[in-house]
Amino acid sequence: MPHSPDHPVASPAAIQYLRLWLCPGVGPIRFAALLRELGGIDQVLDAGESSLARVEGIGTKTARAIAEARAHTHDQVKRELELAARNGARLICLADDDYPAILKRIDDPPPCLFIRGTLEPADALAMAVVGSRQCTRYGAEQSERFAALLAGAGLTVVSGLARGIDSAAHRGALKAGGRTLAVMGCGLCHIYPSEAQDLFLDIAAHGAVLSELPMNTMPDSSNFPPRNRIIVGLSLGTLVVEAAIKSGAMISARLASEYNREVFALPGPVDRIQSEGCHQLIKTGAAKLVTQLTDILEELGEVGRILGRPDDDAATRMDSDGPQSEDSASDRSGPSAATANPALTADERLIIDAMSADAYSIDELCECLAMPPARIAAGITTLQLKGVLRRADGDRYERAGHR
């Protein structure tokens, strides 16, 4: 996306968030604690050392480091934004309207994300595909095949651009004409692995490449486990194609379970180490066995049923105003989805009945209905697909018509 006054590299809020995010010792958990206990980003940036130290999990040492670093982060922020602009990227933060709502629901969402490419409302319907870097030919073929099937059904494919299973998943989604998101374990000034340059550019053109790390951060093994939580957090579920028992893909599967997201695993040859992790997930009931696309769609409930209809191109109907505009509905000879009273599930009925004429966020609906965030998010997604809800602004939703 070109940068202009209408499309700046970063919002004022994102610039403030980045100032704190660049301070040493401030990870996503401490970042959230500081904002929660001190009242907001401006209050944190203005707080004295003693006030910072009183925040749970901070202490005197980290408070001193934050207080000392704040004086220098203006220049650091300027350099980061210049690098972002030079590399065709932009910065968003948790307070921005276009920050992915589903990612906010994990325990430790990244306060800041650098993005090259575009995020779209349809990316709320996403599936992570992960697995071994040292994959077998079978694994690469199946990763590409299932990613293509998922993309063809209208799901955005999320992975990590690593060698092996990840790269095959991105290629499969792109070959199917779908969208794909790559979450990097380095800054967006670098392409890793180096041979993935063409794939990196294709992903940025038909989806987005994302990183929570400063732009010039070099690839490092310590960066990859934390980025796995973002891959999982952006997705309704995670498909493990091949994985050793001790691997990053198994970390992703565990995180998906902790975040109340679906976990799927593909079986493989019994004599391959790359199959051991998948087989353990299936054997212990931690993942659903997958041999065909319908195994995944069935587990996604109403979302999967809608996506599984061959005559229902659900993903393309989800634009910034929801699945269809009121103007387009009025031009049709038949009733619109919003006025045809489509059948609703119990969760969908609870959500729609809780909403008045106002716009609601997922947080507000969770508090109102005392339902888990994952169930609320899934219900909102299917209500958009049915034309009953539409996005109002940012991560808020409103009824598309009176029922």
# chains A, B, ... in the order shown; residues from 1 in each chain; ligands from 1

$ residues_around --residues "region 67-73 of chain A" --least-positions-apart "4" --cutoff "6 Å" --atoms "only C-alpha atoms" --output "PDB file with C-alpha atoms, in the first residue's frame"
ATOM      1  CA  ARG A  19       8.075   3.934  21.802  1.00  0.00           C
ATOM      2  CA  CYS A  23      12.115  -0.290  25.593  1.00  0.00           C
ATOM      3  CA  VAL A  77      10.932   5.232  16.315  1.00  0.00           C
TER       4      VAL A  77
END

$ residues_around --residues "region 267-278 of chain A" --least-positions-apart "2" --cutoff "6 Å" --atoms "only C-alpha atoms" --output "PDB file with N, CA and C atoms, in the first residue's frame"
ATOM      1  N   GLU A 242       3.589 -32.150   9.121  1.00  0.00           N
ATOM      2  CA  GLU A 242       4.658 -33.042   9.568  1.00  0.00           C
ATOM      3  C   GLU A 242       5.366 -32.375  10.734  1.00  0.00           C
ATOM      4  N   ALA A 243       5.745 -33.157  11.743  1.00  0.00           N
ATOM      5  CA  ALA A 243       6.429 -32.584  12.902  1.00  0.00           C
ATOM      6  C   ALA A 243       7.100 -33.673  13.710  1.00  0.00           C
ATOM      7  N   ALA A 244       8.340 -33.428  14.089  1.00  0.00           N
ATOM      8  CA  ALA A 244       8.992 -34.289  15.064  1.00  0.00           C
ATOM      9  C   ALA A 244       8.376 -34.028  16.435  1.00  0.00           C
ATOM     10  N   ILE A 245       8.631 -34.922  17.388  1.00  0.00           N
ATOM     11  CA  ILE A 245       8.052 -34.767  18.723  1.00  0.00           C
ATOM     12  C   ILE A 245       8.439 -33.435  19.343  1.00  0.00           C
ATOM     13  N   ALA A 265      -4.218 -32.679  12.484  1.00  0.00           N
ATOM     14  CA  ALA A 265      -2.937 -33.289  12.142  1.00  0.00           C
ATOM     15  C   ALA A 265      -3.124 -34.287  11.007  1.00  0.00           C
ATOM     16  N   GLN A 280       1.422 -38.575  17.484  1.00  0.00           N
ATOM     17  CA  GLN A 280       1.199 -38.401  18.922  1.00  0.00           C
ATOM     18  C   GLN A 280      -0.011 -37.501  19.169  1.00  0.00           C
ATOM     19  N   LEU A 281      -0.145 -36.437  18.419  1.00  0.00           N
ATOM     20  CA  LEU A 281      -1.300 -35.540  18.570  1.00  0.00           C
ATOM     21  C   LEU A 281      -2.607 -36.288  18.329  1.00  0.00           C
TER      22      LEU A 281
END

$ residues_around --residues "Glu364 (chain A)" --least-positions-apart "2" --cutoff "12 Å" --atoms "only C-alpha atoms" --output "PyMOL selection string"
chain A and resi 351+354-355+358-362+366-373+376-377+395-397

$ closest_residue --among "A:Leu201, A:Val241, A:Ala95, A:Val55" --to "Arg145 (chain A)" --atoms "only C-alpha atoms"
A:Val241

$ select_by_dssp --residues "region 24-264 of chain A" --states "helix (DSSP H, G or I)" --output "ChimeraX atom specification"
/A:28-38,41-46,49-53,59-70,73-86,101-104,121-124,137-152,165-175,194-205,221-233,248-258

$ closest_residue --among "A:Ala249, A:Leu150, A:Leu239, A:Ala10" --to "Arg133 (chain A)" --atoms "only C-alpha atoms"
A:Ala249

$ residues_around --residues "Val290 (chain A)" --least-positions-apart "6" --cutoff "7 Å" --atoms "only C-alpha atoms" --output "list in words"
Phe264, Ala265, Leu266 and Ile296 of chain A

$ write_last_selection --atoms "C-alpha atoms" --output "PDB file, in the first residue's frame"
ATOM      1  CA  PHE A 264      -5.667 -30.837  13.136  1.00  0.00           C
ATOM      2  CA  ALA A 265      -2.937 -33.289  12.142  1.00  0.00           C
ATOM      3  CA  LEU A 266      -2.126 -35.202   8.992  1.00  0.00           C
ATOM      4  CA  ILE A 296     -11.425 -29.572   8.733  1.00  0.00           C
TER       5      ILE A 296
END
